[in-house]
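Undergrad: Please find entry_37.csv (CSV, C-alpha atoms) on the next line:
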chain,number,residue,atom,x,y,z
G,1,MET,CA,-0.1,-0.6,2.5
G,2,THR,CA,-0.6,2.2,-0.1
G,3,THR,CA,-2.7,1.3,-3.1
G,4,SER,CA,-1.1,2.9,-6.1
G,5,THR,CA,-2.6,3.8,-9.5
G,6,LEU,CA,-1.5,3.2,-13.1
G,7,THR,CA,-2.7,5.7,-15.7
G,8,ILE,CA,-2.3,5.6,-19.4
G,9,VAL,CA,-2.7,8.9,-21.3
G,10,PRO,CA,-2.2,9.5,-25.0
G,11,VAL,CA,0.5,12.2,-25.4
G,12,ALA,CA,-1.5,14.1,-28.0
G,13,SER,CA,-4.4,14.5,-25.6
G,14,ILE,CA,-2.4,16.5,-23.0
G,15,ALA,CA,0.9,17.7,-24.5
G,16,GLY,CA,0.4,18.6,-28.2
G,17,GLN,CA,2.9,18.0,-31.0
G,18,ASN,CA,6.6,17.3,-30.3
G,19,PRO,CA,6.5,18.0,-26.6
G,20,THR,CA,9.7,18.5,-24.6
G,21,ALA,CA,10.4,16.6,-21.3
G,22,GLY,CA,9.2,19.8,-19.5
G,23,ASP,CA,6.0,19.9,-21.5
G,24,LEU,CA,5.3,16.2,-20.6
G,25,HIS,CA,6.2,16.9,-17.0
G,26,ARG,CA,3.7,19.8,-16.8
G,27,ALA,CA,1.1,17.6,-18.5
G,28,VAL,CA,1.6,14.7,-16.1
G,29,MET,CA,1.5,17.0,-13.0
G,30,GLY,CA,-1.6,18.6,-14.5
G,31,LEU,CA,-3.5,15.4,-13.9
G,32,PHE,CA,-3.2,16.0,-10.2
G,33,PRO,CA,-4.8,18.7,-8.0
G,34,ASP,CA,-3.2,22.1,-7.6
G,35,GLY,CA,-1.3,22.5,-4.4
G,36,LEU,CA,-0.3,18.8,-4.4
G,37,GLY,CA,3.3,19.6,-3.4
G,38,ASP,CA,6.4,17.8,-4.4
G,39,ARG,CA,6.1,15.0,-6.9
G,40,ASP,CA,8.2,12.8,-4.6
G,41,THR,CA,5.7,13.1,-1.8
G,42,HIS,CA,3.2,11.0,-3.8
G,43,ASN,CA,5.7,8.9,-5.8
G,44,ILE,CA,4.5,10.2,-9.1
G,45,LEU,CA,6.6,8.5,-11.8
G,46,TRP,CA,6.0,8.4,-15.5
G,47,ARG,CA,7.4,7.2,-18.8
G,48,ALA,CA,6.6,8.3,-22.3
G,49,ASP,CA,6.9,5.9,-25.2
G,50,GLY,CA,6.1,8.4,-28.0
G,51,LYS,CA,2.4,8.0,-28.3
G,52,ARG,CA,1.4,7.5,-24.7
G,53,ILE,CA,2.5,8.2,-21.1
G,54,LEU,CA,2.3,5.6,-18.4
G,55,VAL,CA,2.0,7.2,-14.9
G,56,ARG,CA,2.4,5.4,-11.6
G,57,SER,CA,1.4,7.3,-8.5
G,58,ASP,CA,0.4,6.7,-4.9
G,59,ILE,CA,-2.7,8.8,-5.5
G,60,ALA,CA,-5.2,8.7,-8.4
G,61,PRO,CA,-5.2,11.5,-10.8
G,62,THR,CA,-8.1,13.9,-10.2
G,63,VAL,CA,-8.0,15.8,-13.4
G,64,GLN,CA,-9.0,13.2,-16.0
G,65,ASN,CA,-9.5,13.7,-19.7
G,66,GLU,CA,-11.6,11.3,-21.8
G,67,ALA,CA,-8.6,9.6,-23.2
G,68,ALA,CA,-6.9,8.8,-19.9
G,69,ARG,CA,-7.5,5.4,-18.2
G,70,SER,CA,-6.6,4.7,-14.6
G,71,ILE,CA,-6.6,1.4,-12.8
G,72,PRO,CA,-5.3,0.2,-9.4
G,73,GLU,CA,-1.8,-1.1,-9.8
G,74,PRO,CA,-2.0,-4.9,-9.8
G,75,ASN,CA,-0.5,-6.4,-6.6
G,76,ILE,CA,1.7,-9.2,-8.0
G,77,PRO,CA,3.2,-11.3,-5.2
G,78,PHE,CA,6.9,-11.6,-6.2
G,79,ALA,CA,9.3,-13.9,-4.3
G,80,SER,CA,13.1,-14.4,-4.3
G,81,GLY,CA,14.1,-16.5,-7.3
G,82,ASP,CA,11.2,-15.4,-9.5
G,83,GLN,CA,12.2,-14.4,-13.0
G,84,VAL,CA,10.8,-11.2,-14.4
G,85,ARG,CA,10.8,-9.0,-17.5
G,86,PHE,CA,11.6,-5.4,-16.7
G,87,THR,CA,11.4,-2.0,-18.4
G,88,LEU,CA,13.2,1.0,-17.0
G,89,THR,CA,13.6,4.5,-18.5
G,90,ILE,CA,16.8,6.2,-17.5
G,91,ASN,CA,18.9,9.3,-18.1
G,92,PRO,CA,22.2,7.5,-18.7
G,93,VAL,CA,25.0,9.7,-17.6
G,94,LEU,CA,28.3,9.2,-15.7
G,95,ARG,CA,28.9,11.6,-12.9
G,96,HIS,CA,32.4,12.5,-11.9
G,97,ASN,CA,33.5,14.2,-8.7
G,98,GLN,CA,35.9,16.7,-10.2
G,99,THR,CA,36.4,20.5,-10.0
G,100,VAL,CA,37.7,21.0,-13.5
G,101,GLY,CA,36.0,19.9,-16.7
G,102,PRO,CA,32.6,18.4,-17.2
G,103,ARG,CA,31.1,16.7,-14.1
G,104,VAL,CA,28.5,14.8,-16.2
G,105,ARG,CA,29.0,12.8,-19.4
G,106,ARG,CA,26.2,11.3,-21.4
G,107,VAL,CA,26.4,7.6,-22.0
G,108,GLU,CA,26.2,6.9,-25.7
G,109,THR,CA,25.8,3.1,-25.9
G,110,LEU,CA,24.1,0.2,-24.2
G,111,THR,CA,27.6,-1.2,-23.5
G,112,GLU,CA,28.2,1.8,-21.2
G,113,ALA,CA,24.7,2.0,-19.9
G,114,ALA,CA,24.2,-1.6,-19.0
G,115,PRO,CA,26.6,-1.5,-16.0
G,116,LEU,CA,24.8,1.6,-14.7
G,117,VAL,CA,21.4,-0.1,-14.9
G,118,ILE,CA,22.7,-3.4,-13.4
G,119,ASN,CA,24.3,-1.4,-10.5
G,120,LYS,CA,21.1,0.6,-9.8
G,121,LEU,CA,19.0,-2.6,-9.7
G,122,ALA,CA,21.5,-4.8,-7.9
G,123,LEU,CA,19.9,-4.8,-4.5
G,124,ALA,CA,16.6,-6.1,-5.9
G,125,LEU,CA,17.3,-7.9,-9.2
G,126,HIS,CA,20.1,-10.0,-10.7
G,127,VAL,CA,20.0,-8.8,-14.3
G,128,GLU,CA,20.5,-11.6,-16.8
G,129,ASP,CA,19.8,-9.9,-20.1
G,130,ILE,CA,19.5,-6.3,-21.1
G,131,HIS,CA,18.6,-4.4,-24.3
G,132,SER,CA,18.2,-0.8,-25.2
G,133,GLU,CA,14.8,0.0,-26.6
G,134,VAL,CA,14.4,3.7,-27.3
G,135,THR,CA,16.5,6.8,-27.0
G,136,TRP,CA,15.3,10.3,-27.4
G,137,ASN,CA,16.9,13.6,-26.7
G,138,THR,CA,15.2,16.6,-25.2
G,139,SER,CA,16.2,19.5,-23.0
G,140,ARG,CA,15.8,20.4,-19.4
G,141,LYS,CA,16.2,24.1,-18.8
G,142,GLY,CA,18.4,24.3,-21.9
G,143,THR,CA,20.5,21.4,-20.9
G,144,PRO,CA,20.4,18.3,-23.2
G,145,LEU,CA,18.6,15.3,-21.6
G,146,ALA,CA,19.0,11.9,-23.1
G,147,VAL,CA,16.3,9.4,-22.2
G,148,THR,CA,16.9,5.7,-22.8
G,149,THR,CA,14.4,2.9,-22.2
G,150,VAL,CA,16.0,-0.5,-21.4
G,151,THR,CA,14.3,-3.8,-21.1
G,152,GLY,CA,15.6,-7.1,-19.8
G,153,ILE,CA,15.2,-10.3,-17.9
G,154,ALA,CA,16.2,-10.6,-14.3
G,155,THR,CA,15.8,-12.8,-11.2
G,156,ILE,CA,14.4,-11.2,-8.0
G,157,THR,CA,16.9,-11.3,-5.2
G,158,ASP,CA,15.1,-9.1,-2.7
G,159,PRO,CA,11.3,-8.7,-3.1
G,160,ASP,CA,11.1,-5.8,-0.5
G,161,GLU,CA,13.8,-3.9,-2.3
G,162,LEU,CA,12.0,-4.5,-5.6
G,163,SER,CA,8.8,-3.1,-4.0
G,164,HIS,CA,10.8,0.0,-2.9
G,165,LEU,CA,12.2,0.6,-6.5
G,166,LEU,CA,8.8,0.1,-8.0
G,167,ARG,CA,7.3,2.7,-5.7
G,168,HIS,CA,10.1,5.2,-5.5
G,169,GLY,CA,11.7,4.8,-8.9
G,170,VAL,CA,15.4,4.4,-10.0
G,171,GLY,CA,18.0,7.1,-10.5
G,172,ARG,CA,17.6,10.7,-11.3
G,173,ALA,CA,15.6,12.9,-13.7
G,174,LYS,CA,12.3,11.4,-12.4
G,175,ALA,CA,10.5,14.7,-13.1
G,176,PHE,CA,11.4,14.3,-16.7
G,177,GLY,CA,10.2,10.8,-17.4
G,178,CYS,CA,13.1,8.7,-16.0
G,179,GLY,CA,13.1,6.2,-13.2
G,180,LEU,CA,9.8,4.3,-13.6
G,181,LEU,CA,10.6,0.6,-13.3
G,182,THR,CA,7.9,-1.9,-14.3
G,183,VAL,CA,8.1,-5.7,-14.0
G,184,LEU,CA,6.0,-8.6,-15.1
G,185,PRO,CA,6.5,-12.3,-14.6
G,186,ALA,CA,8.7,-13.8,-17.3
Before we go any further, please render this structure as structure tokens.

TA:
Amino acid sequence: MTTSTLTIVPVASIAGQNPTAGDLHRAVMGLFPDGLGDRDTHNILWRADGKRILVRSDIAPTVQNEAARSIPEPNIPFASGDQVRFTLTINPVLRHNQTVGPRVRRVETLTEAAPLVINKLALALHVEDIHSEVTWNTSRKGTPLAVTTVTGIATITDPDELSHLLRHGVGRAKAFGCGLLTVLPA
């Protein structure tokens, strides 16, 4: 079993004032050695909450600054039927398989986003309550990127699938601070 690491880094210590998602991505990847390869190889996931960045990775950062703090990720034994509080940052968009017109439409409200989140978590969690916490807009190569953090209460239906989602993330735009799922006992 891989021991993963949680690292908390103040945004100001690595990314400066008003960073974009690209700035934050470069700052997070700058915590790891050069030549590391693809972010996916080491399951590097992160989420920014304005003042700090939470990073979850299969390897510990090697380029530390004084403000960063890393700990081994706690191994909480979850079982089917356990109730948890979850936090998930997503890029809420609807994708359409069409040849004419926009293929991606940004989701504007929690009413639209909730089914997307519930669907993405369905194999691991039965979502009972969901709230939208934070939404911020940035850009990715000039394309607008909406980032929404949702929280909620859920019941675990498959602990192995939950472990997979915790380690590999949920959805797209992971390089830009989306996909990190965290859970705590409710």

Undergrad: Taking 3 positions as the minimum chain separation for residues in the same chain, which residues sit within 12 Å of Asn43 (chain G) when counting all atoms listed in the file? Answer as a list of chain:residue names.

TA: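 Skipping anything fewer than 3 positions along the chain leaves G:Thr2, G:Thr3, G:Ser4, G:Thr5, G:Leu6, G:Met29, G:Leu36, G:Gly37, G:Asp38, G:Arg39, G:Asp40, G:Trp46, G:Val55, G:Arg56, G:Ser57, G:Asp58, G:Ile59, G:Ala60, G:His164, G:Leu165, G:Leu166, G:Arg167, G:His168, G:Gly169, G:Val170, G:Lys174, G:Ala175, G:Gly179, G:Leu180.
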
Undergrad: Tell me, in Å to one decimal, how far CA of His131 (chain G) is from CA of Ala113 (chain G).

TA: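 Rounded to one decimal, the two atoms are 9.9 Å apart.
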
Undergrad: Looking at G:Thr89, G:Ser132, G:Gln17, G:Ser80, which one is nearest to Ala154 (chain G), with distances taken over only C-alpha atoms?

TA: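 Checking each candidate against Ala154 (chain G), we get G:Ser80 as the closest.
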
Undergrad: Rounded to one decimal in Å, what is the spacing between CA of His126 (chain G) and CA of Leu145 (chain G)?

TA: 27.6 Å

Undergrad: To one decimal in Å, tell me the separation between CA of Val63 (chain G) and CA of Gly22 (chain G).

TA: 18.7 Å

Undergrad: Could you tell me which of G:Pro10, G:Pro19, G:Gly152, G:Gly30 comes closest to Gln83 (chain G) if we count only C-alpha atoms?

TA: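 Closest residue, counting only C-alpha atoms: G:Gly152.
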
Undergrad: May I have the residues at most 7 Å from (17.9, 10.2, -17.1) in the file's coordinates, counting only C-alpha atoms, as JSON, numbers by chain?

TA: {"G": [90, 91, 92, 145, 146, 147, 172, 173, 178]}

Undergrad: Around the point (9.6, 3.6, -19.3) (coordinates from the file), which residues reach within 9 Å if we count only C-alpha atoms? Answer as a list in words.

TA: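 In the file's frame, the residues around the point are Trp46, Arg47, Ala48, Asp49, Ile53, Leu54, Thr87, Leu88, Thr89, Ile90, Thr148, Thr149, Val150, Thr151, Gly177, Cys178, Gly179, Leu180, Leu181 and Thr182 of chain G.
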
Undergrad: May I ask which of the residues G:Ile14, G:Ala79, G:Leu31, G:Ile8 is the closest one to Thr62 (chain G), counting only C-alpha atoms?

TA: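 That would be G:Leu31, the residue with the smallest distance to Thr62 (chain G).
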
Undergrad: Identify which of the residues G:Asp129, G:Glu66, G:Asp34, G:Glu161 lies closest to Ser13 (chain G), counting all atoms listed in the file when measuring atom-to-atom distances.

TA: G:Glu66

Undergrad: Calculated over only C-alpha atoms, which of the candidates G:Leu162, G:Ile156, G:Val84, G:Ile130 has the smallest distance to Pro185 (chain G)?

TA: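 The closest residue to Pro185 (chain G) is G:Val84.
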